[in-house]
Amino acid sequence: MLNSFRLIALLALFAFFAGCSAKTAPVNEAELDAQTTAALKSEASVESEVTDSGVEPLDPELEAAPQEEEILTPEEEKVLQSSNGIYFNLNEHDTKEVQQYFGFFTHKARKTFTRWLKRSEPFLPYVRQVLKENGIPEDIAMLPFAESGYNAWAYSRVGAGGLWQFMPYTGRLYGLRVDWWIDERRDPYKSTVAAAKYLNVLHGMFGDWYLALAAYNAGEGKIGRALRKTGAQDFFDLTKKNYKLSYRYRLRKETKNYVPKFIAISKIFKNLEELGFENIDWNNGIQVETVKVPGGTDLLALAKACGMKWSEFHKLNPHFRRQVSPPNAVINAYLPERVMADAADYLESPNSRPFAGYKRYKIRKGDSWYRIARRYGTPVAVLKSVNNRRSNLIKPGQYIMIPGKGASKSLYTSKASKTRRTAQSRANYRVRKGDTLWDIASRYSVSVATLKRANGIYSSKLKIGQKLYIPDNNAKSSARSVAKAENVKQQMVKYRVRRGDNLWKIARRFGVKVSSLMKWNSLNSKSILRPGDRIKVYVQ
C-alpha cells in the first residue's frame, strides 16, 4: 500500500514538472535526439553496419571556427556592411564574428564555397519556392550552406544527415522516414518541406529568426532555458550574457558562431558578382517528375528500363539506401520527364516487384556469401548487388537483405517484359466485354498457353480494351481482328494543352499511357508541348 502511494506521488510530481516545463520552455530536441538514439540503439547499429554507397562526411570548412580576420578589399568591406536581408542592427562587437566568417569564405575557403555554390544550383529554386509558400524569408535558403554545403549525401559525426542535417528523431517527427531501407533526410524535396515546417515552429516559439536559427542548431529547449535564465532579449544579447550560465546550460561555441556564419554566407551570396564569384544560374534548377514506386520494386531494373545507369538514378534519388524499395510502402522516386513513359511501362509490369517478399538476415559465425546464397537459392552476384556490396568479406552480426522468391531470375528487364512490348507493337486483337483467354484461344485455334506465352502474361485476367497478339493468325483473320479492335467503343477527345502540362501529366489525367499519346499524335520523347496546342486523346 505504501509503495503504491509513493508511486502515485512520484507520478503526480512528474506530471506537475512536465506541465510547468511545457508552459515555460519548449522541448529540447537535442536531448530528445540523444535519448531516442540510445533507445533505438539496435536500429542505429544496424544502420551503421550496413554499407550505404555515396555517403560523405561533412566538409571540414563547415566545422571550422576562424580566429583570424582576413584583410578585406574596399569592395569586400562595402559588402560586409550591407544589409543581409533579415533586418538586424549589428554593432561593432557583433560584426567581429561575421567578419571572420566573411573573410574565411571569401579567402581561405573560397574554393570550397565555390564548390558549394555549384552544388546548390539544382536545388535552390525549389528551396526558395517552398520557403516562400510557407511564409519564411527566402534568405533562409542559405541555411543548407551552413549546415551541409548543400550536400544531400552528407552526414555529421553525431548522425545528422542530408541538406538540412536533421537528426533521426527530428526527421521522423516531421514526416521523414529513416531506417535500413530509406533515409528521407537525404531526399532534397521532402526534407526541404520538413525543414520549412520545423523552422516555422521555431519562429513561432521565439518570434525572431536569429533565435529560431540558433534553436535549429542547439535545440529549442536549450535556447529557451538560456533566454529564461539570462533574461536576454535576442540572440546577440544572449551570446553576451552566455557567461552567466552554468557550464551545463551554456551555449557551445558552435551555436554562438552559427548565426554569424549564416549572416556572412547570406551577405556573400547576395553579392557574388561583386566578390568575384560566378553568379547562380536560377534556370539550372533540376527538372524531375515524381513517380510512386510500389514496395519491393527492383530499382536497379527500373533504372535500366529508363536507360539510366544506377549512379545516374541514385544521384536523383539519394534517399534510397538499397537497390530495392522497402516492402509494404510506396516511396517517391524522381526521374527526368523524358523517361517517365519507360518508368510507367516498367512499373505496370508484374515482374517489377521481385523483392516484395524479402528477408532480413543476420550474418552468423562461419557464414559466407556462398553459404548464404546456397541456403536461400539466390546467386551470390544478386546478393551482393541488392546489398550494395563488392567485398567478399562479411562480419557476424551484420544484416543483409535476402531477395524474395523470383528475384534471382534477373535484376534487369525480364524476358517477359520484352515479350509484352513486342506483342503490343504487333497486336491484332483488342479485348471486348465478356472475353476470356479461353474464348479468344478457341476462336482463333490456339492454346491458352500459347496465347499467354506470345503476350508475356501470366495471369488469366483481361481488361476491356487490352491489346493482344494472336499468333498463327492468317492475314484475313488478322485484318478482321484489327478492324474489330478499332470498332471498340472509344471517344476521341481533343485536349488543349495548358501551362505546365507535359505528356506524363496529360496521360495520368486521362488514364492512358504516354506511349499511346505519342502514337496518336506522332510525337516522340523530344517533342515540345506549348500552351494552346491541341492533342488527340482516345478514352474508353
# chains A, B, ... in the order shown; residues from 1 in each chain; ligands from 1
call {"tool": "residues_around", "arguments": {"residues": "Lys452 (chain A)", "least_positions_apart": "3", "cutoff": "10 Å", "atoms": "only C-alpha atoms", "output": "list of chain:residue names"}}
result
A:Arg420, A:Leu437, A:Ala441, A:Ser447, A:Val448, A:Ala449, A:Asn455, A:Gly456, A:Ile457, A:Tyr458, A:Ser459, A:Ser460, A:Leu468, A:Tyr469, A:Ile470
call {"tool": "select_by_dssp", "arguments": {"residues": "region 107-148 of chain A", "states": "helix (DSSP H, G or I)", "output": "PyMOL selection string"}}
result
chain A and resi 107-108+110-120+124-133+138-148
call {"tool": "write_last_selection", "arguments": {"atoms": "N, CA and C atoms", "output": "short mmCIF file (atom, residue, chain, number, x, y, z; two decimals), in the first residue's frame"}}
result
data_model
loop_
_atom_site.label_atom_id
_atom_site.label_comp_id
_atom_site.auth_asym_id
_atom_site.auth_seq_id
_atom_site.Cartn_x
_atom_site.Cartn_y
_atom_site.Cartn_z
N HIS A 107 38.21 34.05 -48.78
CA HIS A 107 39.65 33.92 -48.97
C HIS A 107 40.10 32.47 -48.78
N LYS A 108 40.31 32.06 -47.54
CA LYS A 108 40.90 30.75 -47.26
C LYS A 108 40.04 29.59 -47.78
N ARG A 110 37.65 29.82 -50.10
CA ARG A 110 36.97 30.30 -51.31
C ARG A 110 36.65 29.15 -52.29
N LYS A 111 37.60 28.25 -52.50
CA LYS A 111 37.39 27.13 -53.42
C LYS A 111 36.24 26.24 -52.95
N THR A 112 36.20 26.01 -51.65
CA THR A 112 35.12 25.19 -51.10
C THR A 112 33.78 25.88 -51.28
N PHE A 113 33.72 27.18 -51.02
CA PHE A 113 32.47 27.93 -51.17
C PHE A 113 32.02 27.93 -52.63
N THR A 114 32.97 28.04 -53.55
CA THR A 114 32.64 27.98 -54.99
C THR A 114 32.01 26.63 -55.33
N ARG A 115 32.56 25.56 -54.74
CA ARG A 115 32.01 24.22 -54.97
C ARG A 115 30.60 24.10 -54.40
N TRP A 116 30.36 24.69 -53.24
CA TRP A 116 29.03 24.69 -52.64
C TRP A 116 28.03 25.40 -53.53
N LEU A 117 28.44 26.53 -54.09
CA LEU A 117 27.54 27.30 -54.95
C LEU A 117 27.10 26.46 -56.15
N LYS A 118 28.04 25.76 -56.76
CA LYS A 118 27.71 24.93 -57.92
C LYS A 118 26.81 23.78 -57.50
N ARG A 119 27.07 23.23 -56.33
CA ARG A 119 26.28 22.10 -55.85
C ARG A 119 24.85 22.52 -55.49
N SER A 120 24.68 23.78 -55.15
CA SER A 120 23.36 24.26 -54.72
C SER A 120 22.43 24.58 -55.89
N LEU A 124 18.36 25.17 -55.33
CA LEU A 124 17.99 26.49 -54.83
C LEU A 124 16.62 26.98 -55.29
N PRO A 125 16.26 26.85 -56.58
CA PRO A 125 14.93 27.32 -56.99
C PRO A 125 13.80 26.63 -56.22
N TYR A 126 13.92 25.32 -56.01
CA TYR A 126 12.89 24.59 -55.27
C TYR A 126 12.86 25.01 -53.81
N VAL A 127 14.04 25.13 -53.19
CA VAL A 127 14.11 25.52 -51.77
C VAL A 127 13.48 26.90 -51.58
N ARG A 128 13.82 27.83 -52.45
CA ARG A 128 13.27 29.19 -52.34
C ARG A 128 11.75 29.18 -52.50
N GLN A 129 11.26 28.36 -53.42
CA GLN A 129 9.82 28.27 -53.65
C GLN A 129 9.09 27.74 -52.42
N VAL A 130 9.63 26.67 -51.80
CA VAL A 130 8.99 26.08 -50.62
C VAL A 130 8.99 27.07 -49.46
N LEU A 131 10.10 27.78 -49.27
CA LEU A 131 10.17 28.77 -48.18
C LEU A 131 9.14 29.87 -48.40
N LYS A 132 9.03 30.32 -49.63
CA LYS A 132 8.06 31.38 -49.96
C LYS A 132 6.63 30.92 -49.69
N GLU A 133 6.33 29.67 -50.09
CA GLU A 133 4.98 29.13 -49.88
C GLU A 133 4.64 29.00 -48.40
N GLU A 138 13.16 34.27 -47.72
CA GLU A 138 13.91 33.48 -48.70
C GLU A 138 15.40 33.40 -48.37
N ASP A 139 15.87 34.31 -47.50
CA ASP A 139 17.27 34.23 -47.06
C ASP A 139 17.58 32.92 -46.34
N ILE A 140 16.54 32.28 -45.78
CA ILE A 140 16.76 31.02 -45.07
C ILE A 140 17.23 29.92 -46.03
N ALA A 141 17.12 30.18 -47.33
CA ALA A 141 17.67 29.24 -48.33
C ALA A 141 19.18 29.13 -48.18
N MET A 142 19.80 30.05 -47.43
CA MET A 142 21.25 29.97 -47.17
C MET A 142 21.59 28.95 -46.09
N LEU A 143 20.58 28.51 -45.33
CA LEU A 143 20.84 27.63 -44.19
C LEU A 143 21.52 26.31 -44.59
N PRO A 144 21.12 25.66 -45.69
CA PRO A 144 21.83 24.42 -46.07
C PRO A 144 23.31 24.63 -46.40
N PHE A 145 23.70 25.87 -46.77
CA PHE A 145 25.13 26.15 -46.94
C PHE A 145 25.84 25.97 -45.59
N ALA A 146 25.24 26.55 -44.55
CA ALA A 146 25.85 26.49 -43.22
C ALA A 146 25.77 25.10 -42.61
N GLU A 147 24.74 24.34 -43.01
CA GLU A 147 24.54 23.02 -42.43
C GLU A 147 25.37 21.93 -43.13
N SER A 148 25.30 21.90 -44.45
CA SER A 148 25.88 20.76 -45.18
C SER A 148 26.67 21.16 -46.42
#
call {"tool": "residues_around", "arguments": {"residues": "Glu348 (chain A)", "least_positions_apart": "2", "cutoff": "12 Å", "atoms": "only C-alpha atoms", "output": "PyMOL selection string"}}
result
chain A and resi 292-294+297+302+341-346+350-353+417+420-421+513
call {"tool": "write_last_selection", "arguments": {"atoms": "N, CA and C atoms", "output": "JSON list (two decimals), in the first residue's frame"}}
result
[["chain", "number", "residue", "atom", "x", "y", "z"],
["A", 292, "LYS", "N", 5.44, 7.25, -58.15],
["A", 292, "LYS", "CA", 5.21, 6.43, -56.95],
["A", 292, "LYS", "C", 5.73, 5.02, -57.20],
["A", 293, "VAL", "N", 6.68, 4.59, -56.37],
["A", 293, "VAL", "CA", 7.30, 3.28, -56.54],
["A", 293, "VAL", "C", 6.72, 2.31, -55.51],
["A", 294, "PRO", "N", 6.07, 1.22, -55.97],
["A", 294, "PRO", "CA", 5.48, 0.24, -55.03],
["A", 294, "PRO", "C", 6.56, -0.48, -54.23],
["A", 297, "THR", "N", 10.10, -2.96, -55.20],
["A", 297, "THR", "CA", 10.46, -2.74, -56.61],
["A", 297, "THR", "C", 11.97, -2.85, -56.80],
["A", 302, "LEU", "N", 14.57, -0.78, -62.68],
["A", 302, "LEU", "CA", 13.84, 0.43, -63.06],
["A", 302, "LEU", "C", 14.77, 1.42, -63.76],
["A", 341, "ALA", "N", 7.63, 7.73, -69.44],
["A", 341, "ALA", "CA", 6.87, 6.71, -70.16],
["A", 341, "ALA", "C", 7.48, 5.33, -69.93],
["A", 342, "ASP", "N", 8.81, 5.25, -70.00],
["A", 342, "ASP", "CA", 9.50, 3.97, -69.77],
["A", 342, "ASP", "C", 9.31, 3.50, -68.34],
["A", 343, "ALA", "N", 9.37, 4.45, -67.39],
["A", 343, "ALA", "CA", 9.19, 4.10, -65.98],
["A", 343, "ALA", "C", 7.77, 3.56, -65.74],
["A", 344, "ALA", "N", 6.78, 4.24, -66.33],
["A", 344, "ALA", "CA", 5.39, 3.81, -66.15],
["A", 344, "ALA", "C", 5.18, 2.41, -66.72],
["A", 345, "ASP", "N", 5.74, 2.15, -67.90],
["A", 345, "ASP", "CA", 5.60, 0.82, -68.52],
["A", 345, "ASP", "C", 6.24, -0.25, -67.65],
["A", 346, "TYR", "N", 7.42, 0.05, -67.10],
["A", 346, "TYR", "CA", 8.11, -0.94, -66.27],
["A", 346, "TYR", "C", 7.33, -1.22, -64.98],
["A", 350, "PRO", "N", 4.13, -6.92, -63.89],
["A", 350, "PRO", "CA", 4.07, -7.71, -62.64],
["A", 350, "PRO", "C", 5.45, -8.16, -62.17],
["A", 351, "ASN", "N", 6.44, -8.10, -63.07],
["A", 351, "ASN", "CA", 7.79, -8.53, -62.69],
["A", 351, "ASN", "C", 8.64, -7.40, -62.14],
["A", 352, "SER", "N", 8.03, -6.24, -61.94],
["A", 352, "SER", "CA", 8.81, -5.10, -61.44],
["A", 352, "SER", "C", 9.05, -5.20, -59.93],
["A", 353, "ARG", "N", 8.36, -6.14, -59.26],
["A", 353, "ARG", "CA", 8.47, -6.23, -57.80],
["A", 353, "ARG", "C", 8.94, -7.61, -57.35],
["A", 417, "SER", "N", 8.85, -9.01, -70.01],
["A", 417, "SER", "CA", 8.58, -7.60, -70.30],
["A", 417, "SER", "C", 8.86, -7.28, -71.76],
["A", 420, "ARG", "N", 6.10, -8.71, -73.86],
["A", 420, "ARG", "CA", 4.89, -7.87, -73.81],
["A", 420, "ARG", "C", 5.02, -6.67, -74.74],
["A", 421, "ARG", "N", 6.20, -6.04, -74.73],
["A", 421, "ARG", "CA", 6.38, -4.86, -75.58],
["A", 421, "ARG", "C", 6.29, -5.24, -77.05],
["A", 513, "LYS", "N", -1.62, 5.63, -71.48],
["A", 513, "LYS", "CA", -0.17, 5.54, -71.45],
["A", 513, "LYS", "C", 0.45, 6.70, -72.24]]
call {"tool": "residues_around", "arguments": {"residues": "Phe123 (chain A)", "least_positions_apart": "4", "cutoff": "8 Å", "atoms": "only C-alpha atoms", "output": "ChimeraX atom specification"}}
result
/A:127,188,285-286
call {"tool": "write_last_selection", "arguments": {"atoms": "N, CA and C atoms", "output": "PDB file, in the first residue's frame"}}
result
ATOM      1  N   VAL A 127      14.037  25.130 -53.185  1.00  0.00           N
ATOM      2  CA  VAL A 127      14.106  25.525 -51.768  1.00  0.00           C
ATOM      3  C   VAL A 127      13.477  26.899 -51.579  1.00  0.00           C
ATOM      4  N   PRO A 188      16.075  15.622 -51.119  1.00  0.00           N
ATOM      5  CA  PRO A 188      16.158  17.090 -51.072  1.00  0.00           C
ATOM      6  C   PRO A 188      14.798  17.777 -51.097  1.00  0.00           C
ATOM      7  N   GLY A 285      17.812  24.884 -62.273  1.00  0.00           N
ATOM      8  CA  GLY A 285      17.166  24.026 -61.280  1.00  0.00           C
ATOM      9  C   GLY A 285      16.850  22.665 -61.869  1.00  0.00           C
ATOM     10  N   ILE A 286      16.966  21.643 -61.049  1.00  0.00           N
ATOM     11  CA  ILE A 286      16.751  20.283 -61.524  1.00  0.00           C
ATOM     12  C   ILE A 286      15.291  20.100 -61.933  1.00  0.00           C
TER      13      ILE A 286
END
call {"tool": "closest_residue", "arguments": {"among": "A:Pro137, A:Gly377, A:Asn271, A:Ala333", "to": "Trp209 (chain A)", "atoms": "only C-alpha atoms"}}
result
A:Pro137
call {"tool": "atom_distance", "arguments": {"atom1": "CA of Ala423 (chain A)", "atom2": "CA of Ser515 (chain A)"}}
result
14.4 Å
call {"tool": "select_by_dssp", "arguments": {"residues": "region 299-375 of chain A", "states": "strand (DSSP E)", "output": "count of residues only"}}
result
9
call {"tool": "residues_around", "arguments": {"residues": "region 232-238 of chain A", "least_positions_apart": "5", "cutoff": "10 Å", "atoms": "only C-alpha atoms", "output": "PDB file with N, CA, C and O atoms, in the first residue's frame"}}
result
ATOM      1  N   LEU A  90      23.490  45.488 -36.398  1.00  0.00           N
ATOM      2  CA  LEU A  90      24.688  44.878 -35.835  1.00  0.00           C
ATOM      3  C   LEU A  90      25.656  45.962 -35.368  1.00  0.00           C
ATOM      4  O   LEU A  90      26.011  46.848 -36.129  1.00  0.00           O
ATOM      5  N   ASN A  91      26.072  45.861 -34.117  1.00  0.00           N
ATOM      6  CA  ASN A  91      27.074  46.830 -33.672  1.00  0.00           C
ATOM      7  C   ASN A  91      28.464  46.264 -33.939  1.00  0.00           C
ATOM      8  O   ASN A  91      28.604  45.148 -34.431  1.00  0.00           O
ATOM      9  N   HIS A  93      30.826  45.108 -32.079  1.00  0.00           N
ATOM     10  CA  HIS A  93      31.191  43.861 -31.389  1.00  0.00           C
ATOM     11  C   HIS A  93      30.571  42.660 -32.095  1.00  0.00           C
ATOM     12  O   HIS A  93      31.210  41.631 -32.275  1.00  0.00           O
ATOM     13  N   ASP A  94      29.315  42.829 -32.500  1.00  0.00           N
ATOM     14  CA  ASP A  94      28.600  41.722 -33.126  1.00  0.00           C
ATOM     15  C   ASP A  94      29.158  41.381 -34.497  1.00  0.00           C
ATOM     16  O   ASP A  94      29.044  40.256 -34.953  1.00  0.00           O
ATOM     17  N   PHE A 206       9.863  31.599 -30.705  1.00  0.00           N
ATOM     18  CA  PHE A 206      10.762  32.672 -30.271  1.00  0.00           C
ATOM     19  C   PHE A 206      10.462  34.028 -30.905  1.00  0.00           C
ATOM     20  O   PHE A 206      10.939  35.053 -30.415  1.00  0.00           O
ATOM     21  N   GLY A 207       9.696  34.044 -31.999  1.00  0.00           N
ATOM     22  CA  GLY A 207       9.326  35.319 -32.631  1.00  0.00           C
ATOM     23  C   GLY A 207      10.495  36.059 -33.245  1.00  0.00           C
ATOM     24  O   GLY A 207      10.401  37.266 -33.502  1.00  0.00           O
ATOM     25  N   ASP A 208      11.599  35.378 -33.490  1.00  0.00           N
ATOM     26  CA  ASP A 208      12.809  36.023 -34.004  1.00  0.00           C
ATOM     27  C   ASP A 208      13.564  34.989 -34.829  1.00  0.00           C
ATOM     28  O   ASP A 208      13.805  33.859 -34.359  1.00  0.00           O
ATOM     29  N   TRP A 209      13.948  35.359 -36.055  1.00  0.00           N
ATOM     30  CA  TRP A 209      14.573  34.378 -36.937  1.00  0.00           C
ATOM     31  C   TRP A 209      15.976  33.981 -36.477  1.00  0.00           C
ATOM     32  O   TRP A 209      16.393  32.838 -36.655  1.00  0.00           O
ATOM     33  N   TYR A 210      16.718  34.895 -35.880  1.00  0.00           N
ATOM     34  CA  TYR A 210      18.061  34.546 -35.415  1.00  0.00           C
ATOM     35  C   TYR A 210      17.995  33.556 -34.258  1.00  0.00           C
ATOM     36  O   TYR A 210      18.779  32.607 -34.177  1.00  0.00           O
ATOM     37  N   LEU A 211      17.030  33.756 -33.352  1.00  0.00           N
ATOM     38  CA  LEU A 211      16.851  32.801 -32.260  1.00  0.00           C
ATOM     39  C   LEU A 211      16.341  31.466 -32.798  1.00  0.00           C
ATOM     40  O   LEU A 211      16.729  30.399 -32.305  1.00  0.00           O
ATOM     41  N   ALA A 212      15.477  31.523 -33.824  1.00  0.00           N
ATOM     42  CA  ALA A 212      14.981  30.290 -34.456  1.00  0.00           C
ATOM     43  C   ALA A 212      16.138  29.498 -35.064  1.00  0.00           C
ATOM     44  O   ALA A 212      16.205  28.268 -34.945  1.00  0.00           O
ATOM     45  N   LEU A 213      17.083  30.213 -35.691  1.00  0.00           N
ATOM     46  CA  LEU A 213      18.242  29.551 -36.283  1.00  0.00           C
ATOM     47  C   LEU A 213      19.136  28.935 -35.203  1.00  0.00           C
ATOM     48  O   LEU A 213      19.655  27.829 -35.357  1.00  0.00           O
ATOM     49  N   ALA A 214      19.319  29.668 -34.113  1.00  0.00           N
ATOM     50  CA  ALA A 214      20.122  29.138 -33.011  1.00  0.00           C
ATOM     51  C   ALA A 214      19.478  27.880 -32.437  1.00  0.00           C
ATOM     52  O   ALA A 214      20.168  26.904 -32.112  1.00  0.00           O
ATOM     53  N   ILE A 223      17.886  26.771 -26.006  1.00  0.00           N
ATOM     54  CA  ILE A 223      17.764  28.223 -26.228  1.00  0.00           C
ATOM     55  C   ILE A 223      16.701  28.815 -25.310  1.00  0.00           C
ATOM     56  O   ILE A 223      16.888  29.897 -24.735  1.00  0.00           O
ATOM     57  N   ALA A 226      18.139  29.095 -21.817  1.00  0.00           N
ATOM     58  CA  ALA A 226      19.179  30.127 -21.752  1.00  0.00           C
ATOM     59  C   ALA A 226      18.556  31.525 -21.725  1.00  0.00           C
ATOM     60  O   ALA A 226      19.009  32.400 -20.977  1.00  0.00           O
ATOM     61  N   LEU A 227      17.522  31.731 -22.521  1.00  0.00           N
ATOM     62  CA  LEU A 227      16.839  33.034 -22.530  1.00  0.00           C
ATOM     63  C   LEU A 227      16.197  33.306 -21.172  1.00  0.00           C
ATOM     64  O   LEU A 227      16.260  34.429 -20.645  1.00  0.00           O
ATOM     65  N   TYR A 243      28.090  33.932 -20.421  1.00  0.00           N
ATOM     66  CA  TYR A 243      28.993  33.634 -19.294  1.00  0.00           C
ATOM     67  C   TYR A 243      28.231  33.481 -17.983  1.00  0.00           C
ATOM     68  O   TYR A 243      28.721  32.859 -17.020  1.00  0.00           O
ATOM     69  N   LYS A 244      27.031  34.041 -17.898  1.00  0.00           N
ATOM     70  CA  LYS A 244      26.238  33.968 -16.667  1.00  0.00           C
ATOM     71  C   LYS A 244      25.671  32.568 -16.433  1.00  0.00           C
ATOM     72  O   LYS A 244      25.271  32.231 -15.319  1.00  0.00           O
ATOM     73  N   LEU A 251      25.767  28.066 -23.950  1.00  0.00           N
ATOM     74  CA  LEU A 251      25.768  27.789 -25.393  1.00  0.00           C
ATOM     75  C   LEU A 251      27.166  27.379 -25.837  1.00  0.00           C
ATOM     76  O   LEU A 251      28.156  27.995 -25.449  1.00  0.00           O
ATOM     77  N   LYS A 256      27.107  29.708 -30.791  1.00  0.00           N
ATOM     78  CA  LYS A 256      27.380  31.155 -30.774  1.00  0.00           C
ATOM     79  C   LYS A 256      27.843  31.648 -32.147  1.00  0.00           C
ATOM     80  O   LYS A 256      27.569  32.783 -32.536  1.00  0.00           O
ATOM     81  N   VAL A 259      24.863  31.778 -36.066  1.00  0.00           N
ATOM     82  CA  VAL A 259      24.171  32.904 -36.706  1.00  0.00           C
ATOM     83  C   VAL A 259      25.147  33.826 -37.437  1.00  0.00           C
ATOM     84  O   VAL A 259      24.883  34.220 -38.573  1.00  0.00           O
ATOM     85  N   PRO A 260      26.297  34.207 -36.835  1.00  0.00           N
ATOM     86  CA  PRO A 260      27.271  34.998 -37.597  1.00  0.00           C
ATOM     87  C   PRO A 260      27.702  34.313 -38.898  1.00  0.00           C
ATOM     88  O   PRO A 260      27.866  34.971 -39.929  1.00  0.00           O
TER      89      PRO A 260
END
call {"tool": "residues_around", "arguments": {"residues": "Lys505 (chain A)", "least_positions_apart": "3", "cutoff": "10 Å", "atoms": "only C-alpha atoms", "output": "mmCIF file with all heavy atoms, in the first residue's frame"}}
result
data_model
loop_
_atom_site.group_PDB
_atom_site.id
_atom_site.type_symbol
_atom_site.label_atom_id
_atom_site.label_comp_id
_atom_site.auth_asym_id
_atom_site.auth_seq_id
_atom_site.Cartn_x
_atom_site.Cartn_y
_atom_site.Cartn_z
ATOM 1 N N GLU A 289 10.231 14.676 -62.472
ATOM 2 C CA GLU A 289 8.851 14.326 -62.181
ATOM 3 C C GLU A 289 8.846 13.284 -61.072
ATOM 4 O O GLU A 289 9.813 12.511 -60.928
ATOM 5 C CB GLU A 289 8.167 13.756 -63.427
ATOM 6 C CG GLU A 289 8.009 14.749 -64.564
ATOM 7 C CD GLU A 289 6.897 15.754 -64.334
ATOM 8 O OE1 GLU A 289 6.092 15.543 -63.410
ATOM 9 O OE2 GLU A 289 6.838 16.747 -65.084
ATOM 10 N N GLU A 337 11.651 13.923 -67.049
ATOM 11 C CA GLU A 337 10.378 13.769 -67.756
ATOM 12 C C GLU A 337 10.505 12.848 -68.969
ATOM 13 O O GLU A 337 9.598 12.083 -69.275
ATOM 14 C CB GLU A 337 9.894 15.152 -68.207
ATOM 15 C CG GLU A 337 8.534 15.130 -68.877
ATOM 16 C CD GLU A 337 8.147 16.476 -69.451
ATOM 17 O OE1 GLU A 337 8.630 17.508 -68.923
ATOM 18 O OE2 GLU A 337 7.387 16.494 -70.426
ATOM 19 N N MET A 340 9.726 9.141 -68.211
ATOM 20 C CA MET A 340 8.540 8.785 -67.427
ATOM 21 C C MET A 340 7.704 7.699 -68.107
ATOM 22 O O MET A 340 7.116 6.846 -67.438
ATOM 23 C CB MET A 340 7.684 10.023 -67.171
ATOM 24 C CG MET A 340 8.313 11.001 -66.187
ATOM 25 S SD MET A 340 8.655 10.265 -64.577
ATOM 26 C CE MET A 340 7.022 10.140 -63.892
ATOM 27 N N GLY A 500 2.233 24.400 -67.997
ATOM 28 C CA GLY A 500 2.715 23.429 -67.017
ATOM 29 C C GLY A 500 2.444 21.987 -67.397
ATOM 30 O O GLY A 500 2.909 21.059 -66.732
ATOM 31 N N ASP A 501 1.678 21.760 -68.479
ATOM 32 C CA ASP A 501 1.373 20.395 -68.915
ATOM 33 C C ASP A 501 2.590 19.725 -69.526
ATOM 34 O O ASP A 501 3.460 20.377 -70.117
ATOM 35 C CB ASP A 501 0.247 20.410 -69.963
ATOM 36 C CG ASP A 501 -1.136 20.314 -69.339
ATOM 37 O OD1 ASP A 501 -1.224 19.937 -68.161
ATOM 38 O OD2 ASP A 501 -2.130 20.615 -70.031
ATOM 39 N N ASN A 502 2.631 18.412 -69.432
ATOM 40 C CA ASN A 502 3.572 17.589 -70.194
ATOM 41 C C ASN A 502 2.861 16.282 -70.493
ATOM 42 O O ASN A 502 1.749 16.025 -70.015
ATOM 43 C CB ASN A 502 4.884 17.374 -69.439
ATOM 44 C CG ASN A 502 4.682 16.744 -68.077
ATOM 45 O OD1 ASN A 502 3.944 15.769 -67.931
ATOM 46 N ND2 ASN A 502 5.334 17.297 -67.052
ATOM 47 N N ARG A 508 -1.683 10.813 -67.293
ATOM 48 C CA ARG A 508 -2.203 10.468 -65.967
ATOM 49 C C ARG A 508 -3.625 11.006 -65.786
ATOM 50 O O ARG A 508 -4.475 10.361 -65.184
ATOM 51 C CB ARG A 508 -1.266 11.025 -64.891
ATOM 52 C CG ARG A 508 -1.598 10.549 -63.489
ATOM 53 C CD ARG A 508 -0.459 10.807 -62.533
ATOM 54 N NE ARG A 508 -0.036 12.195 -62.524
ATOM 55 C CZ ARG A 508 0.925 12.672 -61.755
ATOM 56 N NH1 ARG A 508 1.576 11.852 -60.948
ATOM 57 N NH2 ARG A 508 1.273 13.933 -61.786
ATOM 58 N N ARG A 509 -3.887 12.214 -66.331
ATOM 59 C CA ARG A 509 -5.210 12.832 -66.206
ATOM 60 C C ARG A 509 -6.288 11.994 -66.895
ATOM 61 O O ARG A 509 -7.409 11.860 -66.405
ATOM 62 C CB ARG A 509 -5.165 14.242 -66.806
ATOM 63 C CG ARG A 509 -6.454 15.043 -66.614
ATOM 64 C CD ARG A 509 -6.266 16.471 -67.109
ATOM 65 N NE ARG A 509 -5.256 17.148 -66.323
ATOM 66 C CZ ARG A 509 -4.368 18.003 -66.817
ATOM 67 N NH1 ARG A 509 -4.373 18.286 -68.106
ATOM 68 N NH2 ARG A 509 -3.478 18.582 -66.048
ATOM 69 N N PHE A 510 -5.955 11.391 -68.056
ATOM 70 C CA PHE A 510 -6.940 10.634 -68.820
ATOM 71 C C PHE A 510 -6.833 9.126 -68.615
ATOM 72 O O PHE A 510 -7.593 8.364 -69.214
ATOM 73 C CB PHE A 510 -6.806 10.964 -70.316
ATOM 74 C CG PHE A 510 -7.315 12.339 -70.673
ATOM 75 C CD1 PHE A 510 -6.450 13.411 -70.784
ATOM 76 C CD2 PHE A 510 -8.670 12.564 -70.883
ATOM 77 C CE1 PHE A 510 -6.909 14.679 -71.102
ATOM 78 C CE2 PHE A 510 -9.139 13.814 -71.211
ATOM 79 C CZ PHE A 510 -8.269 14.888 -71.316
ATOM 80 N N GLY A 511 -5.854 8.683 -67.815
ATOM 81 C CA GLY A 511 -5.707 7.262 -67.555
ATOM 82 C C GLY A 511 -5.231 6.468 -68.753
ATOM 83 O O GLY A 511 -5.664 5.334 -68.976
ATOM 84 N N VAL A 514 1.630 7.118 -71.802
ATOM 85 C CA VAL A 514 2.358 8.162 -72.508
ATOM 86 C C VAL A 514 2.687 7.704 -73.926
ATOM 87 O O VAL A 514 2.586 8.472 -74.884
ATOM 88 C CB VAL A 514 3.654 8.537 -71.756
ATOM 89 C CG1 VAL A 514 4.470 9.544 -72.552
ATOM 90 C CG2 VAL A 514 3.329 9.086 -70.376
#
call {"tool": "closest_residue", "arguments": {"among": "A:Tyr249, A:Phe313, A:Tyr198, A:Tyr174", "to": "Lys222 (chain A)", "atoms": "only C-alpha atoms"}}
result
A:Tyr249
call {"tool": "closest_residue", "arguments": {"among": "A:Ser391, A:Gln287, A:Gln323, A:Gln81", "to": "Lys304 (chain A)", "atoms": "only C-alpha atoms"}}
result
A:Gln323
call {"tool": "residues_around", "arguments": {"residues": "region 163-169 of chain A", "least_positions_apart": "4", "cutoff": "9 Å", "atoms": "only C-alpha atoms", "output": "PyMOL selection string"}}
result
chain A and resi 29-30+32-34+36-37+143-145+147-156+158-159+173-174+176-178+183+185-188+191-192+195
call {"tool": "closest_residue", "arguments": {"among": "A:Val291, A:Leu529, A:Ala64, A:Ala215", "to": "Leu335 (chain A)", "atoms": "only C-alpha atoms"}}
result
A:Val291
call {"tool": "atom_distance", "arguments": {"atom1": "CA of Tyr361 (chain A)", "atom2": "CA of Met401 (chain A)"}}
result
6.0 Å
